[in-house]
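Chemist: Structure file model_35.cif (mmCIF, C-alpha atoms) right here:
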```cif
data_model
loop_
_atom_site.label_atom_id
_atom_site.label_comp_id
_atom_site.auth_asym_id
_atom_site.auth_seq_id
_atom_site.Cartn_x
_atom_site.Cartn_y
_atom_site.Cartn_z
CA MET A 25 39.36 -6.65 18.13
CA PRO A 26 36.44 -5.41 15.95
CA ASN A 27 37.16 -4.48 12.37
CA THR A 28 36.31 -0.77 12.43
CA ILE A 29 36.95 -0.46 8.68
CA GLN A 30 34.88 -3.44 7.55
CA GLY A 31 31.89 -2.36 9.67
CA PRO A 32 31.34 1.08 8.11
CA LEU A 33 32.15 -0.24 4.62
CA SER A 34 29.67 -3.08 4.99
CA SER A 35 27.00 -0.70 6.31
CA HIS A 36 27.62 1.64 3.39
CA ARG A 37 27.26 -1.21 0.89
CA GLU A 38 24.02 -2.33 2.52
CA ARG A 39 22.58 1.19 2.35
CA LYS A 40 23.67 1.52 -1.27
CA ARG A 41 22.11 -1.83 -2.13
CA ALA A 42 18.87 -0.95 -0.36
CA ARG A 43 18.75 2.38 -2.19
CA ARG A 44 19.25 0.69 -5.56
CA ARG A 45 16.55 -1.89 -4.80
CA ARG A 46 14.20 0.94 -3.94
CA GLU A 47 15.04 2.69 -7.22
CA ILE A 48 14.28 -0.50 -9.14
CA ILE A 49 10.93 -0.85 -7.37
CA ARG A 50 9.99 2.74 -8.17
CA ALA A 51 10.97 2.26 -11.82
CA ALA A 52 8.82 -0.87 -11.93
CA LEU A 53 5.87 0.98 -10.40
CA GLU A 54 6.24 3.75 -12.96
CA ALA A 55 6.51 1.33 -15.88
CA GLY A 56 3.59 -0.71 -14.59
CA ARG A 57 1.44 2.39 -14.30
CA GLU A 58 2.12 3.32 -17.92
CA LYS A 59 2.19 -0.09 -19.59
CA GLY A 60 0.65 -2.61 -17.21
CA TYR A 61 2.48 -5.47 -15.56
CA HIS A 62 2.37 -7.95 -18.42
CA ALA A 63 3.60 -5.46 -21.02
CA THR A 64 6.41 -4.22 -18.78
CA THR A 65 9.75 -5.92 -19.34
CA LEU A 66 12.98 -5.95 -17.39
CA ASP A 67 14.46 -3.91 -20.24
CA ASP A 68 11.78 -1.25 -19.61
CA ILE A 69 12.67 -1.11 -15.93
CA ALA A 70 16.41 -1.04 -16.54
CA GLY A 71 16.04 1.62 -19.22
CA ARG A 72 14.32 3.98 -16.80
CA LEU A 73 17.34 3.70 -14.54
CA GLY A 74 19.89 4.03 -17.32
CA ILE A 75 21.39 0.61 -16.64
CA ARG A 76 21.59 -2.72 -18.45
CA LYS A 77 19.03 -5.43 -17.75
CA ALA A 78 21.81 -7.70 -16.49
CA ALA A 79 22.42 -5.26 -13.63
CA LEU A 80 18.93 -5.95 -12.27
CA TYR A 81 19.84 -9.57 -11.58
CA HIS A 82 22.19 -8.42 -8.82
CA TYR A 83 19.08 -7.35 -6.91
CA PHE A 84 16.14 -9.40 -8.23
CA PRO A 85 16.10 -12.76 -10.03
CA ASP A 86 13.09 -11.89 -12.21
CA LYS A 87 10.12 -9.58 -12.71
CA ASP A 88 7.93 -11.53 -10.28
CA ALA A 89 10.48 -10.91 -7.52
CA ILE A 90 10.23 -7.17 -8.15
CA LEU A 91 6.45 -7.40 -7.99
CA LEU A 92 6.63 -9.30 -4.70
CA ALA A 93 8.96 -6.62 -3.32
CA CYS A 94 6.36 -3.99 -4.25
CA HIS A 95 3.69 -5.92 -2.37
CA ARG A 96 5.93 -6.49 0.63
CA GLU A 97 6.64 -2.80 0.87
CA SER A 98 2.96 -1.89 0.83
CA LEU A 99 2.08 -4.69 3.28
CA SER A 100 4.79 -3.47 5.63
CA GLU A 101 3.21 -0.03 5.50
CA LEU A 102 -0.24 -1.50 6.19
CA GLU A 103 1.14 -3.37 9.21
CA ARG A 104 2.70 -0.16 10.47
CA ILE A 105 -0.44 1.95 10.18
CA ALA A 106 -2.52 -0.82 11.76
CA GLY A 107 -0.18 -0.65 14.74
CA ASP A 108 -0.19 3.15 14.82
CA SER A 109 -4.00 3.19 14.73
CA ARG A 110 -4.16 1.65 18.20
CA ALA A 111 -3.07 5.00 19.63
CA VAL A 112 -6.04 6.78 17.99
CA GLU A 113 -9.02 7.11 20.32
CA GLY A 114 -12.49 6.16 19.15
CA PRO A 115 -13.57 3.88 16.27
CA ALA A 116 -14.57 6.72 13.91
CA ARG A 117 -11.28 8.55 14.32
CA ARG A 118 -9.35 5.30 14.10
CA LEU A 119 -11.12 4.26 10.90
CA SER A 120 -10.58 7.72 9.43
CA PHE A 121 -6.85 7.41 10.19
CA LEU A 122 -6.66 3.98 8.57
CA ILE A 123 -8.48 5.12 5.43
CA ARG A 124 -6.35 8.25 5.04
CA GLU A 125 -3.14 6.30 5.52
CA HIS A 126 -4.26 3.55 3.15
CA VAL A 127 -4.94 6.20 0.49
CA ARG A 128 -1.43 7.55 1.12
CA ILE A 129 0.04 4.10 0.54
CA MET A 130 -1.87 3.80 -2.74
CA THR A 131 -0.84 7.26 -3.96
CA GLU A 132 2.67 7.59 -2.54
CA THR A 133 4.12 4.17 -1.68
CA LEU A 134 2.60 2.50 -4.75
CA GLU A 135 2.36 5.76 -6.76
CA GLY A 136 -1.08 4.83 -8.08
CA SER A 137 0.41 1.85 -9.90
CA PRO A 138 -1.90 -0.99 -10.97
CA LEU A 139 0.77 -3.41 -9.75
CA ALA A 140 -1.29 -3.35 -6.54
CA PHE A 141 -3.82 -5.52 -8.40
CA GLU A 142 -1.33 -8.06 -9.69
CA VAL A 143 -1.35 -11.00 -7.31
CA THR A 144 -2.43 -14.01 -9.35
CA VAL A 145 0.74 -13.89 -11.47
CA LEU A 146 2.88 -14.59 -8.41
CA PRO A 147 4.01 -18.11 -7.49
CA ALA A 148 1.69 -19.86 -5.03
CA ALA A 149 3.80 -19.27 -1.91
CA ALA A 150 4.30 -15.57 -2.67
CA ARG A 151 0.64 -15.17 -3.55
CA ALA A 152 -0.38 -16.74 -0.24
CA GLU A 153 1.98 -14.38 1.62
CA VAL A 154 0.38 -11.31 0.03
CA ILE A 155 -3.14 -12.58 0.66
CA ARG A 156 -2.35 -13.27 4.33
CA GLY A 157 -1.06 -9.72 4.72
CA ARG A 158 -4.14 -8.26 3.10
CA ASP A 159 -6.41 -10.43 5.23
CA ARG A 160 -4.71 -9.19 8.40
CA PHE A 161 -5.37 -5.58 7.44
CA GLU A 162 -8.94 -6.39 6.48
CA GLY A 163 -9.37 -7.97 9.90
CA VAL A 164 -8.17 -4.78 11.58
CA LEU A 165 -10.71 -2.72 9.64
CA ARG A 166 -13.53 -5.14 10.47
CA GLY A 167 -12.63 -4.95 14.14
CA VAL A 168 -12.79 -1.15 14.11
CA VAL A 169 -16.14 -1.13 12.30
CA ALA A 170 -17.57 -3.73 14.68
CA GLU A 171 -16.37 -1.69 17.67
CA GLY A 172 -18.01 1.42 16.24
CA ILE A 173 -21.30 -0.43 15.76
CA GLU A 174 -21.21 -1.85 19.29
CA GLY A 175 -20.43 1.57 20.75
CA GLY A 176 -23.18 3.33 18.80
CA GLU A 177 -20.87 5.44 16.59
CA PHE A 178 -21.79 3.51 13.43
CA ARG A 179 -25.04 2.15 12.06
CA ALA A 180 -25.82 -1.54 12.49
CA VAL A 181 -24.31 -2.75 9.21
CA ASP A 182 -22.48 -5.93 8.24
CA PRO A 183 -18.81 -5.15 9.06
CA LYS A 184 -17.64 -7.53 6.33
CA VAL A 185 -19.64 -5.77 3.62
CA ALA A 186 -18.71 -2.32 4.95
CA VAL A 187 -15.00 -3.16 4.85
CA PHE A 188 -15.30 -4.65 1.35
CA ALA A 189 -16.81 -1.32 0.24
CA ILE A 190 -14.00 0.66 1.89
CA LEU A 191 -11.23 -1.50 0.45
CA GLY A 192 -12.86 -1.54 -2.97
CA ALA A 193 -12.99 2.25 -3.05
CA VAL A 194 -9.42 2.76 -1.86
CA ASN A 195 -7.87 0.00 -3.98
CA TRP A 196 -9.60 1.31 -7.10
CA ILE A 197 -7.40 4.41 -6.82
CA ALA A 198 -4.77 2.40 -8.69
CA ARG A 199 -7.06 2.35 -11.73
CA TRP A 200 -7.35 6.10 -12.15
CA TYR A 201 -4.86 8.02 -10.00
CA ARG A 202 -1.82 9.58 -11.66
CA PRO A 203 0.79 11.44 -9.58
CA GLY A 204 0.56 15.15 -10.28
CA GLY A 205 -2.40 14.68 -12.59
CA GLY A 206 -5.59 16.69 -12.43
CA GLY A 207 -4.45 18.78 -9.50
CA ILE A 208 -5.38 15.97 -7.07
CA GLN A 209 -3.16 16.00 -3.99
CA PRO A 210 -2.70 12.77 -2.00
CA ALA A 211 -3.34 14.41 1.37
CA GLY A 212 -6.58 15.97 0.22
CA LEU A 213 -7.63 12.74 -1.43
CA GLY A 214 -7.19 10.81 1.80
CA ASP A 215 -9.29 13.32 3.72
CA ALA A 216 -12.03 13.18 1.06
CA PHE A 217 -12.16 9.39 1.06
CA ALA A 218 -12.32 9.26 4.86
CA ASP A 219 -15.16 11.78 4.87
CA TYR A 220 -17.19 10.06 2.15
CA LEU A 221 -16.72 6.54 3.51
CA LEU A 222 -17.45 7.40 7.12
CA ARG A 223 -20.64 9.17 6.08
CA GLY A 224 -21.87 5.81 4.85
CA LEU A 225 -21.49 4.41 8.37
CA ALA A 226 -23.05 7.37 10.17
CA ARG A 227 -26.08 6.80 12.35
CA GLU A 228 -29.38 8.33 11.29
CA SER A 229 -29.37 10.77 14.21
CA GLY A 230 -25.83 11.99 13.71
CA ARG A 231 -22.57 11.59 11.91
CA ALA A 232 -19.52 9.48 12.55
CA ARG A 233 -16.92 12.18 13.07
CA PRO A 234 -13.36 11.40 11.95
#
```
Mind turning the file's structure into structure tokens?
Modeler:
Amino acid sequence: MPNTIQGPLSSHRERKRARRRREIIRAALEAGREKGYHATTLDDIAGRLGIRKAALYHYFPDKDAILLACHRESLSELERIAGDSRAVEGPARRLSFLIREHVRIMTETLEGSPLAFEVTVLPAAARAEVIRGRDRFEGVLRGVVAEGIEGGEFRAVDPKVAVFAILGAVNWIARWYRPGGGGIQPAGLGDAFADYLLRGLARESGRARP
């Protein structure tokens, strides 16, 4: 006979644990945005949550593990939008969707935190995991650009260079974006980036329309 009490209690504990892990990640993103990864300590993260540093060890063994969790969250989002993009018709519209959603990840999921740049500090296995995830997303973008070139929507450019330019522009958001600062809204920022970056791929006789 199933334990009807243990089930709901266990599920509640799992949700509570997941919520607390998410709170720790957000505190780390906030601290990293203000102080940088290297200057941020576990005490800084715990202090933003009003808890003792020792409490963090129930969820993460060290600061690198928190950083890896930040990357895994963003990579999961990139995998999701790459999948969702397959339902968008046409290379230009698909690329516009991917750019806008990538900007959203930088401004909302990662909150404009420079932790998005911190990869080399991770242990080799974790670093390789993050790089593989990034490479997969880069491959999706290259495929869309190549399709647009073949179909005549985009100019005949090097897809590799074009994607490097797109990723460089979007990733650099972490260097200057601040939530709520300067009146810049994430949704509008995504639209602007998609417009600017697709203009660079437009054919001479027309424009790649998102």
Chemist: Could you tell me which residues the PyMOL selection byres ((chain A and resi 68) around 12) grabs in this file, written as number ranges by chain?
Modeler: A: 48, 51-56, 58-67, 69-77, 80, 87
Chemist: On this file, the PyMOL selection byres ((chain A and resi 125) around 12) gives some set of residues; write that set as a PyMOL selection string.
Modeler: chain A and resi 98+101-109+118-124+126-133+194+210-215+217-218
Chemist: So the first atom is CA of Ala116 in chain A and the second is CA of Gly163 in chain A; what is the distance between them in Å, to one decimal place?
Modeler: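 Going from CA of Ala116 in chain A over to CA of Gly163 in chain A, I get 16.1 Å.
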Chemist: Contacts of range 178-180 of chain A at 7 Å or less, counting all atoms listed in the file, minus same-chain residues fewer than 6 places along, as a list in words?
Modeler: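 Contacts, in chain order: Gly172, Leu225, Ala226, Arg227 and Ala232 of chain A.
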Chemist: Between A:His95, A:Arg166, A:Arg57, A:Arg43, single out the one closest to Ala198 in chain A, counting all atoms listed in the file.
Modeler: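 Selected residue with least distance to Ala198 in chain A: A:Arg57.
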Chemist: Suppose you want the space between CA of Ile173 in chain A and CA of Trp196 in chain A; what is it in Å?
Modeler: 25.7 Å
Chemist: What do you get, as number ranges by chain, if you spell out every residue that the PyMOL selection byres ((chain A and resi 155) around 12) selects here?
Modeler: A: 92, 95-96, 99, 140-144, 146, 148-154, 156-162
Chemist: Report, in Å to a single decimal, how far apart CA of Gly175 in chain A and CA of Tyr220 in chain A are.
Modeler: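 Pair CA of Tyr220 in chain A / CA of Gly175 in chain A returns 20.7 Å.
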Chemist: Please, what is the axis-aligned box for every listed atom of range 148-152 of chain A with 8 Å on each side, as centre and edge lengths in Å to one decimal, as AutoDock Vina command-line options?
Modeler:
```
--center_x 2.0 --center_y -17.5 --center_z -2.6 --size_x 20.7 --size_y 20.7 --size_z 20.8
```
Chemist: Taking all atoms listed in the file into account, which of A:Cys94, A:Ala111, A:Val187, A:Arg41 comes nearest His82 in chain A?
Modeler: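 Closest to His82 in chain A of all the choices is A:Arg41.
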Chemist: Given the choices A:Leu91, A:Val169, A:Val181, A:Ile197, which gets closest to Gly114 in chain A if the distance is worked out from only C-alpha atoms?
Modeler: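 That would be A:Val169, the residue with the smallest distance to Gly114 in chain A.
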Chemist: Smallest atom-to-atom distance to Pro183 in chain A: which of A:Val164, A:Asn195, A:Tyr81, A:Gln209, using only C-alpha atoms?
Modeler: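 So, comparing all the options, the nearest one is A:Val164.
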Chemist: Just add N, CA and C atoms to range 69-95 of chain A and send it as a compact mmCIF listing (two decimals), in the frame of the given file.
Modeler:
```txt
# COMPACT_ATOMS: atom_id res chain seq x y z
N ILE A 69 12.29 -1.55 -17.27
CA ILE A 69 12.67 -1.11 -15.93
C ILE A 69 14.11 -0.63 -15.91
N ALA A 70 14.99 -1.42 -16.51
CA ALA A 70 16.41 -1.04 -16.54
C ALA A 70 16.62 0.26 -17.30
N GLY A 71 15.89 0.42 -18.40
CA GLY A 71 16.04 1.62 -19.22
C GLY A 71 15.69 2.88 -18.47
N ARG A 72 14.71 2.81 -17.58
CA ARG A 72 14.32 3.98 -16.80
C ARG A 72 15.40 4.38 -15.80
N LEU A 73 16.26 3.43 -15.48
CA LEU A 73 17.34 3.70 -14.54
C LEU A 73 18.67 3.96 -15.25
N GLY A 74 18.67 3.80 -16.57
CA GLY A 74 19.89 4.03 -17.32
C GLY A 74 20.93 2.94 -17.10
N ILE A 75 20.47 1.72 -16.85
CA ILE A 75 21.39 0.61 -16.64
C ILE A 75 21.02 -0.54 -17.57
N ARG A 76 21.87 -1.54 -17.65
CA ARG A 76 21.59 -2.72 -18.45
C ARG A 76 20.70 -3.69 -17.67
N LYS A 77 19.92 -4.46 -18.41
CA LYS A 77 19.03 -5.43 -17.75
C LYS A 77 19.81 -6.37 -16.85
N ALA A 78 21.00 -6.76 -17.28
CA ALA A 78 21.81 -7.70 -16.49
C ALA A 78 22.09 -7.17 -15.09
N ALA A 79 22.15 -5.85 -14.94
CA ALA A 79 22.42 -5.26 -13.63
C ALA A 79 21.29 -5.52 -12.64
N LEU A 80 20.07 -5.70 -13.15
CA LEU A 80 18.93 -5.95 -12.27
C LEU A 80 19.07 -7.28 -11.53
N TYR A 81 19.74 -8.24 -12.17
CA TYR A 81 19.84 -9.57 -11.58
C TYR A 81 20.70 -9.59 -10.32
N HIS A 82 21.43 -8.52 -10.07
CA HIS A 82 22.19 -8.42 -8.82
C HIS A 82 21.26 -8.15 -7.64
N TYR A 83 20.02 -7.74 -7.95
CA TYR A 83 19.08 -7.35 -6.91
C TYR A 83 17.81 -8.19 -6.91
N PHE A 84 17.35 -8.60 -8.10
CA PHE A 84 16.14 -9.40 -8.23
C PHE A 84 16.34 -10.47 -9.29
N PRO A 85 15.90 -11.70 -9.04
CA PRO A 85 16.10 -12.76 -10.03
C PRO A 85 15.19 -12.65 -11.25
N ASP A 86 14.02 -12.01 -11.09
CA ASP A 86 13.09 -11.89 -12.21
C ASP A 86 12.04 -10.82 -11.91
N LYS A 87 11.14 -10.63 -12.85
CA LYS A 87 10.12 -9.58 -12.71
C LYS A 87 9.15 -9.89 -11.56
N ASP A 88 8.83 -11.16 -11.37
CA ASP A 88 7.93 -11.53 -10.28
C ASP A 88 8.51 -11.15 -8.92
N ALA A 89 9.83 -11.27 -8.79
CA ALA A 89 10.48 -10.91 -7.52
C ALA A 89 10.36 -9.42 -7.25
N ILE A 90 10.42 -8.62 -8.31
CA ILE A 90 10.23 -7.17 -8.15
C ILE A 90 8.80 -6.88 -7.73
N LEU A 91 7.85 -7.58 -8.35
CA LEU A 91 6.45 -7.40 -7.99
C LEU A 91 6.22 -7.78 -6.53
N LEU A 92 6.80 -8.88 -6.10
CA LEU A 92 6.63 -9.30 -4.70
C LEU A 92 7.23 -8.26 -3.76
N ALA A 93 8.35 -7.67 -4.14
CA ALA A 93 8.96 -6.62 -3.32
C ALA A 93 8.03 -5.42 -3.21
N CYS A 94 7.34 -5.09 -4.29
CA CYS A 94 6.36 -3.99 -4.25
C CYS A 94 5.25 -4.30 -3.24
N HIS A 95 4.75 -5.52 -3.30
CA HIS A 95 3.69 -5.92 -2.37
C HIS A 95 4.19 -5.93 -0.93
```
